[in-house]
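The structure appears right after this line, and notes come after that.
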Amino acid sequence: MEKVDFLKGLQPGTGEVVKFEGKKVAAYRDDAGTLHTLSPTCTHAGCIVSWNGEEKSWDCPCHGARYDINGEVITGPATKGLAKIDV
């Protein structure tokens, strides 16, 4: 069984925080079908980000930091991006 079978239901253009091997992972499937997986832990305050389907970004509910699909900071207060995770 392929490791990412559990993400086959993730439709193109959508993201979700999921559990993988006991850890949370921020997973996004782009319109081409490529999977992007990141740490869901905000680098500013350690809160778990959530997917913003309108803006196609990962948003922190604690202080408003936002990250793009590759984990790069869009808006602070975070100054460091989300770490990439290989699944």
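By order in the structure tokens, chains are A, B, ...; within a chain, residues start at 1; ligands start at 1, following the order shown.
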
So which residues touch Cys47 in chain A within 8 Å, counting only C-alpha atoms, skipping near sequence neighbours fewer than 4 positions away, as a list in words?
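Listed by chain and then number, they are Thr41, Cys42, Cys60, Pro61 and Cys62 of chain A.
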
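For Leu35 in chain A, the residues within 9 Å (counting only C-alpha atoms, excluding itself and residues fewer than 5 positions away along the chain) are Leu7, Pro12, Ala27, Tyr28, Arg29 and Asp30 of chain A.
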
Export of the given selection (N, CA and C atoms) as a CSV table (one decimal), in the first residue's frame:
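Output file part_16.csv is given in full below:
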chain,number,residue,atom,x,y,z
A,7,LEU,N,-4.6,10.0,1.5
A,7,LEU,CA,-4.9,11.3,0.9
A,7,LEU,C,-5.5,11.3,-0.5
A,12,PRO,N,-8.3,18.0,-5.9
A,12,PRO,CA,-7.5,19.2,-6.3
A,12,PRO,C,-8.1,20.5,-5.9
A,27,ALA,N,-1.9,19.2,4.5
A,27,ALA,CA,-1.8,18.6,3.1
A,27,ALA,C,-2.7,19.4,2.2
A,28,TYR,N,-2.1,19.8,1.0
A,28,TYR,CA,-2.9,20.5,0.0
A,28,TYR,C,-2.6,19.8,-1.4
A,29,ARG,N,-3.6,19.6,-2.1
A,29,ARG,CA,-3.5,19.0,-3.5
A,29,ARG,C,-3.8,20.2,-4.5
A,30,ASP,N,-2.8,20.5,-5.3
A,30,ASP,CA,-3.0,21.6,-6.2
A,30,ASP,C,-3.8,21.2,-7.4

Give the helix (DSSP H, G or I) residues of chain A, as DSSP finds them on the backbone, and put them as number ranges by chain.
A: 3-7

A:Ser57, A:Lys19, A:Lys8, A:Ala45: which is nearest Pro77 in chain A, counting only C-alpha atoms?
A:Ala45

Excluding Asp68 in chain A and any residue of its chain fewer than 2 positions from it, enumerate the residues within 8 Å of it, using only C-alpha atoms, and give them as a list in words.
Lys56, Ser57, Trp58, Arg66, Asn70, Gly71, Glu72, Val73 and Ile74 of chain A

Residues just named, written with N, CA, C and O atoms as a PDB file, in the first residue's frame:
ATOM      1  N   LYS A  56      -6.800  30.148  -0.582  1.00  0.00           N
ATOM      2  CA  LYS A  56      -5.827  29.065  -0.830  1.00  0.00           C
ATOM      3  C   LYS A  56      -4.560  29.316  -0.013  1.00  0.00           C
ATOM      4  O   LYS A  56      -3.447  29.430  -0.540  1.00  0.00           O
ATOM      5  N   SER A  57      -4.766  29.408   1.295  1.00  0.00           N
ATOM      6  CA  SER A  57      -3.655  29.640   2.212  1.00  0.00           C
ATOM      7  C   SER A  57      -3.887  28.873   3.504  1.00  0.00           C
ATOM      8  O   SER A  57      -4.998  28.448   3.806  1.00  0.00           O
ATOM      9  N   TRP A  58      -2.789  28.687   4.245  1.00  0.00           N
ATOM     10  CA  TRP A  58      -2.855  28.115   5.584  1.00  0.00           C
ATOM     11  C   TRP A  58      -2.858  29.282   6.556  1.00  0.00           C
ATOM     12  O   TRP A  58      -1.938  30.106   6.533  1.00  0.00           O
ATOM     13  N   ARG A  66      -0.323  33.990   7.978  1.00  0.00           N
ATOM     14  CA  ARG A  66      -0.826  33.246   6.820  1.00  0.00           C
ATOM     15  C   ARG A  66       0.347  32.748   6.000  1.00  0.00           C
ATOM     16  O   ARG A  66       1.353  33.436   5.861  1.00  0.00           O
ATOM     17  N   ASN A  70       3.157  26.466  -0.296  1.00  0.00           N
ATOM     18  CA  ASN A  70       4.505  25.928  -0.113  1.00  0.00           C
ATOM     19  C   ASN A  70       5.067  26.222   1.276  1.00  0.00           C
ATOM     20  O   ASN A  70       6.226  25.935   1.551  1.00  0.00           O
ATOM     21  N   GLY A  71       4.242  26.831   2.141  1.00  0.00           N
ATOM     22  CA  GLY A  71       4.655  27.120   3.503  1.00  0.00           C
ATOM     23  C   GLY A  71       5.333  28.451   3.698  1.00  0.00           C
ATOM     24  O   GLY A  71       5.741  28.785   4.809  1.00  0.00           O
ATOM     25  N   GLU A  72       5.452  29.249   2.631  1.00  0.00           N
ATOM     26  CA  GLU A  72       6.091  30.563   2.752  1.00  0.00           C
ATOM     27  C   GLU A  72       5.138  31.556   3.423  1.00  0.00           C
ATOM     28  O   GLU A  72       3.936  31.528   3.196  1.00  0.00           O
ATOM     29  N   VAL A  73       5.693  32.457   4.228  1.00  0.00           N
ATOM     30  CA  VAL A  73       4.887  33.445   4.940  1.00  0.00           C
ATOM     31  C   VAL A  73       4.276  34.434   3.954  1.00  0.00           C
ATOM     32  O   VAL A  73       4.984  35.004   3.122  1.00  0.00           O
ATOM     33  N   ILE A  74       2.957  34.629   4.050  1.00  0.00           N
ATOM     34  CA  ILE A  74       2.250  35.645   3.265  1.00  0.00           C
ATOM     35  C   ILE A  74       2.126  36.901   4.119  1.00  0.00           C
ATOM     36  O   ILE A  74       2.420  37.999   3.670  1.00  0.00           O
TER      37      ILE A  74
END

DSSP on the backbone: which residues in range 34-81 of chain A end up as strand (DSSP E or B)? Give the answer as a VMD selection string.
chain A and resid 35 to 38 41 48 50 to 52 57 to 59 66 to 67 73 to 75

Filtering to N, CA, C and O atoms, could you give me those residues as a compact mmCIF listing (two decimals), in the first residue's frame?
# COMPACT_ATOMS: atom_id res chain seq x y z
N LEU A 35 0.68 16.87 -4.57
CA LEU A 35 0.44 16.98 -3.14
C LEU A 35 1.55 17.80 -2.48
O LEU A 35 2.74 17.57 -2.73
N HIS A 36 1.16 18.77 -1.66
CA HIS A 36 2.10 19.60 -0.89
C HIS A 36 1.83 19.30 0.57
O HIS A 36 0.70 19.47 1.04
N THR A 37 2.85 18.86 1.31
CA THR A 37 2.66 18.51 2.72
C THR A 37 3.63 19.30 3.59
O THR A 37 4.83 19.39 3.31
N LEU A 38 3.07 19.88 4.64
CA LEU A 38 3.81 20.78 5.52
C LEU A 38 3.51 20.49 6.98
O LEU A 38 2.49 19.88 7.30
N THR A 41 2.14 23.42 12.23
CA THR A 41 2.42 24.22 13.42
C THR A 41 2.96 25.59 13.05
O THR A 41 4.04 25.70 12.45
N ILE A 48 -2.02 25.40 15.57
CA ILE A 48 -2.22 24.59 14.37
C ILE A 48 -2.98 25.43 13.33
O ILE A 48 -4.06 25.96 13.62
N SER A 50 -5.09 26.26 9.78
CA SER A 50 -6.23 25.63 9.12
C SER A 50 -6.26 26.13 7.67
O SER A 50 -5.72 27.18 7.34
N TRP A 51 -6.89 25.33 6.81
CA TRP A 51 -6.95 25.64 5.39
C TRP A 51 -7.98 26.72 5.12
O TRP A 51 -9.12 26.66 5.60
N ASN A 52 -7.61 27.73 4.35
CA ASN A 52 -8.51 28.79 3.93
C ASN A 52 -8.75 28.58 2.43
O ASN A 52 -7.91 28.93 1.60
N SER A 57 -4.77 29.41 1.30
CA SER A 57 -3.65 29.64 2.21
C SER A 57 -3.89 28.87 3.50
O SER A 57 -5.00 28.45 3.81
N TRP A 58 -2.79 28.69 4.25
CA TRP A 58 -2.86 28.12 5.58
C TRP A 58 -2.86 29.28 6.56
O TRP A 58 -1.94 30.11 6.53
N ASP A 59 -3.89 29.37 7.39
CA ASP A 59 -4.06 30.51 8.29
C ASP A 59 -3.97 30.08 9.75
O ASP A 59 -4.56 29.06 10.14
N ARG A 66 -0.32 33.99 7.98
CA ARG A 66 -0.83 33.25 6.82
C ARG A 66 0.35 32.75 6.00
O ARG A 66 1.35 33.44 5.86
N TYR A 67 0.17 31.53 5.44
CA TYR A 67 1.22 30.87 4.66
C TYR A 67 0.64 30.43 3.33
O TYR A 67 -0.52 30.02 3.25
N VAL A 73 5.69 32.46 4.23
CA VAL A 73 4.89 33.44 4.94
C VAL A 73 4.28 34.43 3.95
O VAL A 73 4.98 35.00 3.12
N ILE A 74 2.96 34.63 4.05
CA ILE A 74 2.25 35.65 3.27
C ILE A 74 2.13 36.90 4.12
O ILE A 74 2.42 38.00 3.67
N THR A 75 1.64 36.73 5.35
CA THR A 75 1.52 37.83 6.30
C THR A 75 1.94 37.36 7.68
O THR A 75 1.73 36.20 8.04

Could you tell me how far CA of Glu54 in chain A sits from CA of Leu82 in chain A, in Å to one decimal place?
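CA of Glu54 in chain A lies 19.7 Å from CA of Leu82 in chain A.
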
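Of the residues under consideration (A:Ile85, A:Gly9, A:Glu16, A:Thr34), A:Glu16 shows the shortest atom-to-atom contact distance to Val49 in chain A when counting only C-alpha atoms.
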
To one decimal place in Å, what is the distance between CA of Lys80 in chain A and CA of Gly46 in chain A?
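If I compute the distance from CA of Lys80 in chain A to CA of Gly46 in chain A, I get 11.9 Å.
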
Counting only C-alpha atoms, figure out which residue out of A:Asp31, A:His63, A:Leu10, A:Glu21 gets nearest to Asp86 in chain A.
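Nearest candidate to Asp86 in chain A out of A:Asp31, A:His63, A:Leu10, A:Glu21: A:Glu21.
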
Residue nearest Thr14 in chain A among A:Thr43, A:Gly53, A:Ala32, A:Ala26 (counting only C-alpha atoms):
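Of all the options, A:Gly53 lies closest to Thr14 in chain A.
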
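Of note, CA of Lys84 in chain A and CA of Lys24 in chain A are spaced 12.3 Å apart.
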
Pick out the closest residue to Gly81 in chain A from this set: A:Glu55, A:Gly64, A:Val18, A:His44. Count only C-alpha atoms.
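For Gly81 in chain A, the nearest of the given residues is A:His44.
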